[in-house]
Amino acid sequence: MNDHQPQDHDRTLAILGAGPAGLYAARAAAASGRFTGIDVIEALPAPYGLVRYGVAPDHPETKRVTKVFDRVFDSGHVRFLGNVTVGRDITHSALMGHYDAVVYATGVSGDRRLSVPGADLPGSVSSADFVSWYSGHPDAKLCPPLSSVRKAVVVGGGNVALDVARLLVSPHEVLRATDMPDDVLDAFLAAEVREVHVVVRKGPGETRYSPVVLREFAELPDVALKVDRRDVEAAETTAGISRASQDNLEMFRSWCDRRDGVSVRSVQFHFWTNPTQIIGKSEVQGVHAFANPPGWAAQELKIPADLVVHCVGFSATGPDWLPISTTPGGLESLQGRVRSSDGKQMPGVYVTGWLKRGPSGTIATNRTDAEETVACLLEDLEGLRRRAQRKDVLDVLTAAGIAVVSWSGWRAIQDDERAAGQRRGAVTAKLSNRDLMVAAAHSGPAEWP
C-alpha cells in the first residue's frame with residue numbers, strides 16, 4: 001500500500017510498558033477502532049507495573065484494578081509480548097519499522113537517596129530497591145538481612161514511607177496472608193524489629209500521607225505510636241490546610257495521648273527533622289538529624305538504627321538509546337508527543353505515564369494522562385508514515401531466541417503463583433525468579449490473538 005494513501009484501517013501500534021499507563025493507553029487505542037493490531041511490549045514476564053511491583057503486599061484491594069486491565073486483552077486486537085526489553089532485544093528504529101506508531105509507557109525507576117554522608121553504607125537502601133525487593137521484582141537487588149535489624153529509620157513524608165514502616169512492624173499472620181515471595185516472607189518473619197523512626201522534613205500537616213493509610217497504624221496490635229505534642233501544636237497554627245491534612249493532624253493528636261501499655265514494637269514520628277548524616281563505619285549504626293519545629297528551639301538528634309530506608313522519590317531519566325530531550329520530570333513532550341533533542345516532534349513517537357509527567361499521581365491519574373496521549377496520536381494518525389516492515393515482530397523476536405511470554409503464558413505464571421500461595425495459606429505468592437516465571441509461561445502451548 002502506498003505510504004501516502006489516507007486509509008488507516010490496517011494501522012498497528014506498539015505500547016512499551018504494561019503498567020497502568022501502558023494498559024490505559026492500550027484500552028483507549030483499542031476503543032478507537034483505528035488499529036488492527038496493538039502490541040503491549042513489556043520487559044518483565046508479568047504485566048501491571050507498579051500495581052504489581054509497587055503497591056504494598058498487604059493492600060490487595062488496591063490491586064483489584066488489574067481486573068480492569070485484563071479486559072484490555074479480551075478484544076482480540078491487543079497482544080501481550082512479555083519478557084522483551086526494547087534497546088536490547090529489539091531497537092527503537094526496528095520497532096518504528098514494524099509499527100505505525102509507538103507509545104512509551106516504561107515509567108521511571110531510578111534509585112534516589114538522601115545526599116548526606118554515609119548514604120551509601122551497607123544497610124542504607126532506597127525505597128525503589130526495598131519496595132522492588134519485597135514486591136518480588138525479578139531484577140530487584142538483595143535486601144540487607146532483616147534478621148539483624150532491631151531499629152530502623154524510614155525517611156519520607158509520603159505513603160511509601162508509611163508502607164515500609166508498617167510492614168516492618170506488622171504481625172507475622174498479616175505478612176503470611178500477603179503475596180510476598182516465599183524468600184521475602186521468610187526474611188520478614190526472621191526480623192525482630194523493635195523500633196521504627198519515621199523522619200519527615202515537614203510538619204504533620206504538610207505530609208503527603210493518605211489518611212486511610214495512616215489510620216492503618218492505629219489498627220496494628222502491640223505497636224506503640226509516638227508523636228511529640230509540640231509538633232502537632234505547631235502545625236495547628238498553619239492556616240488553610242486541606243481536609244486530608246486536618247484528618248491526619250487529628251490522628252497524630254490522638255497518638256500524643258495514646259497509652260498502649262507494654263508494646264513489643266513502636267513507631268515514632270519525627271517532624272520538621274532533616275537527616276544530616278548516616279552514622280557507621282562498615283554498616284549503618286544510626287542517623288544524625290537536626291529537628292527545627294517552628295516556635296521551639298532547634299535540637300540535634302542521634303537515632304540508633306540498623307537499617308535506613310530512603311523514601312524520597314525516584315530519579316527520572318529517559319531511555320538513553322532514544323534521541324530525545326528530557327526534563328526534570330521525564331521526556332520532553334507536548335501532550336504526549338515526544339520531542340527530539342533538537343526540539344522537533346518525533347513523528348509516530350508518543351509518551352505517557354511517569355515517563356511523561358514525572359513520578360507523581362495515583363494509579364487513576366494514568367487514565368486521563370494516557371487518554372490525552374492517545375487522543376493526540378489519533379489526531380496525527382492519518383498523516384503518519386506507514387510501517388515499512390510487514391513481518392510480524394513476534395516472528396522476529398522468536399527467531400532471535402527471545403522467550404516471549406504471551407497472555408496465556410502470563411495466566412500460567414498466575415496458576416503457579418496461586419498454587420504457591422495455597423501451600424502457605426495465602427491467596428497467591430509471587431514468583432520472583434525470572435527463569436522460573438518464563439519456564440512456567442512456556443509450560444504449555446502459547447495462545448496468540
# chains A, B, ... in the order shown; residues from 1 in each chain; ligands from 1
>>> select_by_dssp(residues="stretch 89-176 of chain A", states="strand (DSSP E)", output="count of residues only")
12
>>> residues_around(residues="A:Trp296", least_positions_apart="5", cutoff="12 Å", atoms="only C-alpha atoms", output="list of chain:residue names")
A:Arg229, A:Arg230, A:Asp231, A:Glu233, A:Ala234, A:Trp272, A:Ala291
>>> write_last_selection(atoms="N, CA and C atoms", output="compact mmCIF listing (two decimals), in the first residue's frame")
# COMPACT_ATOMS: atom_id res chain seq x y z
N ARG A 229 3.76 16.08 71.06
CA ARG A 229 2.64 17.01 71.04
C ARG A 229 3.03 18.37 70.50
N ARG A 230 4.29 18.78 70.72
CA ARG A 230 4.73 20.09 70.25
C ARG A 230 4.65 20.19 68.73
N ASP A 231 4.89 19.07 68.03
CA ASP A 231 4.79 19.07 66.58
C ASP A 231 3.36 19.34 66.13
N GLU A 233 0.95 20.81 67.94
CA GLU A 233 0.55 22.16 68.33
C GLU A 233 1.12 23.20 67.36
N ALA A 234 2.34 22.99 66.92
CA ALA A 234 2.94 23.93 65.96
C ALA A 234 2.21 23.87 64.63
N TRP A 272 9.55 17.99 61.07
CA TRP A 272 10.47 19.12 60.90
C TRP A 272 11.92 18.69 61.18
N ALA A 291 16.40 18.68 64.20
CA ALA A 291 14.97 18.97 64.32
C ALA A 291 14.78 20.45 64.62
>>> closest_residue(among="A:Ala429, A:Val78, A:Leu355, A:Val84", to="A:Asp179", atoms="only C-alpha atoms")
A:Ala429
>>> select_by_dssp(residues="stretch 194-427 of chain A", states="helix (DSSP H, G or I)", output="PyMOL selection string")
chain A and resi 211-219+229-235+243-256+354-357+365-383+393-399+407-423
>>> residues_around(residues="A:Arg367", least_positions_apart="3", cutoff="6 Å", atoms="only C-alpha atoms", output="compact mmCIF listing (two decimals) with N, CA and C atoms, in the first residue's frame")
# COMPACT_ATOMS: atom_id res chain seq x y z
N TYR A 24 -3.79 1.54 30.19
CA TYR A 24 -4.83 2.52 29.92
C TYR A 24 -4.70 3.05 28.49
N ALA A 364 -5.05 6.03 39.11
CA ALA A 364 -6.11 6.60 38.29
C ALA A 364 -5.63 7.77 37.45
N ALA A 370 -3.09 8.91 29.83
CA ALA A 370 -3.00 8.04 28.65
C ALA A 370 -4.02 8.44 27.60
>>> atom_distance(atom1="atom CA of A:Lys226", atom2="atom CA of A:Ser135")
27.9 Å
>>> closest_residue(among="A:Met96, A:Leu301, A:Val131, A:Val198", to="A:Phe314", atoms="only C-alpha atoms")
A:Val131
>>> residues_around(residues="A:Asp222", least_positions_apart="6", cutoff="7 Å", atoms="only C-alpha atoms", output="list in words")
Ser263, Val264 and Arg265 of chain A
>>> write_last_selection(atoms="C-alpha atoms", output="CSV table (one decimal), in the first residue's frame")
chain,number,residue,atom,x,y,z
A,263,SER,CA,4.1,-3.0,73.5
A,264,VAL,CA,6.5,-5.2,71.6
A,265,ARG,CA,7.2,-2.7,68.9
>>> residues_around(residues="A:Pro221", least_positions_apart="5", cutoff="12 Å", atoms="only C-alpha atoms", output="NGL selection string")
:A and (166 or 169-174 or 216 or 260-266)
>>> write_last_selection(atoms="C-alpha atoms", output="PDB file, in the first residue's frame")
ATOM      1  CA  ARG A 166       4.069  -0.616  58.589  1.00  0.00           C
ATOM      2  CA  VAL A 169       6.215  -3.913  62.422  1.00  0.00           C
ATOM      3  CA  SER A 170       3.313  -5.963  61.024  1.00  0.00           C
ATOM      4  CA  PRO A 171       2.326  -9.211  62.778  1.00  0.00           C
ATOM      5  CA  HIS A 172       3.504 -12.407  61.174  1.00  0.00           C
ATOM      6  CA  GLU A 173      -0.039 -13.602  60.470  1.00  0.00           C
ATOM      7  CA  VAL A 174      -0.675 -10.481  58.397  1.00  0.00           C
ATOM      8  CA  GLU A 216      -3.794   1.522  59.436  1.00  0.00           C
ATOM      9  CA  ASP A 260      -0.677   1.298  74.770  1.00  0.00           C
ATOM     10  CA  GLY A 261       0.699  -0.354  77.875  1.00  0.00           C
ATOM     11  CA  VAL A 262       3.577  -2.700  77.237  1.00  0.00           C
ATOM     12  CA  SER A 263       4.098  -2.963  73.483  1.00  0.00           C
ATOM     13  CA  VAL A 264       6.511  -5.210  71.639  1.00  0.00           C
ATOM     14  CA  ARG A 265       7.185  -2.656  68.878  1.00  0.00           C
ATOM     15  CA  SER A 266       6.993   1.103  68.437  1.00  0.00           C
TER      16      SER A 266
END
>>> residues_around(residues="A:Ile402", least_positions_apart="5", cutoff="8 Å", atoms="only C-alpha atoms", output="short mmCIF file (atom, residue, chain, number, x, y, z; two decimals) with C-alpha atoms, in the first residue's frame")
data_model
loop_
_atom_site.label_atom_id
_atom_site.label_comp_id
_atom_site.auth_asym_id
_atom_site.auth_seq_id
_atom_site.Cartn_x
_atom_site.Cartn_y
_atom_site.Cartn_z
CA ASN A 83 9.97 -10.64 28.62
CA VAL A 84 11.06 -8.32 25.78
CA ASP A 89 16.13 -7.45 22.29
CA LEU A 397 11.80 -11.94 18.30
#
>>> residues_around(residues="A:Leu175", least_positions_apart="4", cutoff="9 Å", atoms="only C-alpha atoms", output="ChimeraX atom specification")
/A:57-58,167,170-171,179-180,185,188-189
>>> write_last_selection(atoms="C-alpha atoms", output="PDB file, in the first residue's frame")
ATOM      1  CA  PRO A  57       1.656  -6.551  49.553  1.00  0.00           C
ATOM      2  CA  ASP A  58      -0.836  -6.097  52.411  1.00  0.00           C
ATOM      3  CA  LEU A 167       5.454  -3.786  57.038  1.00  0.00           C
ATOM      4  CA  SER A 170       3.313  -5.963  61.024  1.00  0.00           C
ATOM      5  CA  PRO A 171       2.326  -9.211  62.778  1.00  0.00           C
ATOM      6  CA  ASP A 179       1.532 -12.179  48.089  1.00  0.00           C
ATOM      7  CA  MET A 180       5.167 -11.724  49.116  1.00  0.00           C
ATOM      8  CA  LEU A 185       8.336 -13.602  53.659  1.00  0.00           C
ATOM      9  CA  PHE A 188      10.405 -10.621  57.334  1.00  0.00           C
ATOM     10  CA  LEU A 189       9.486 -13.489  59.652  1.00  0.00           C
TER      11      LEU A 189
END
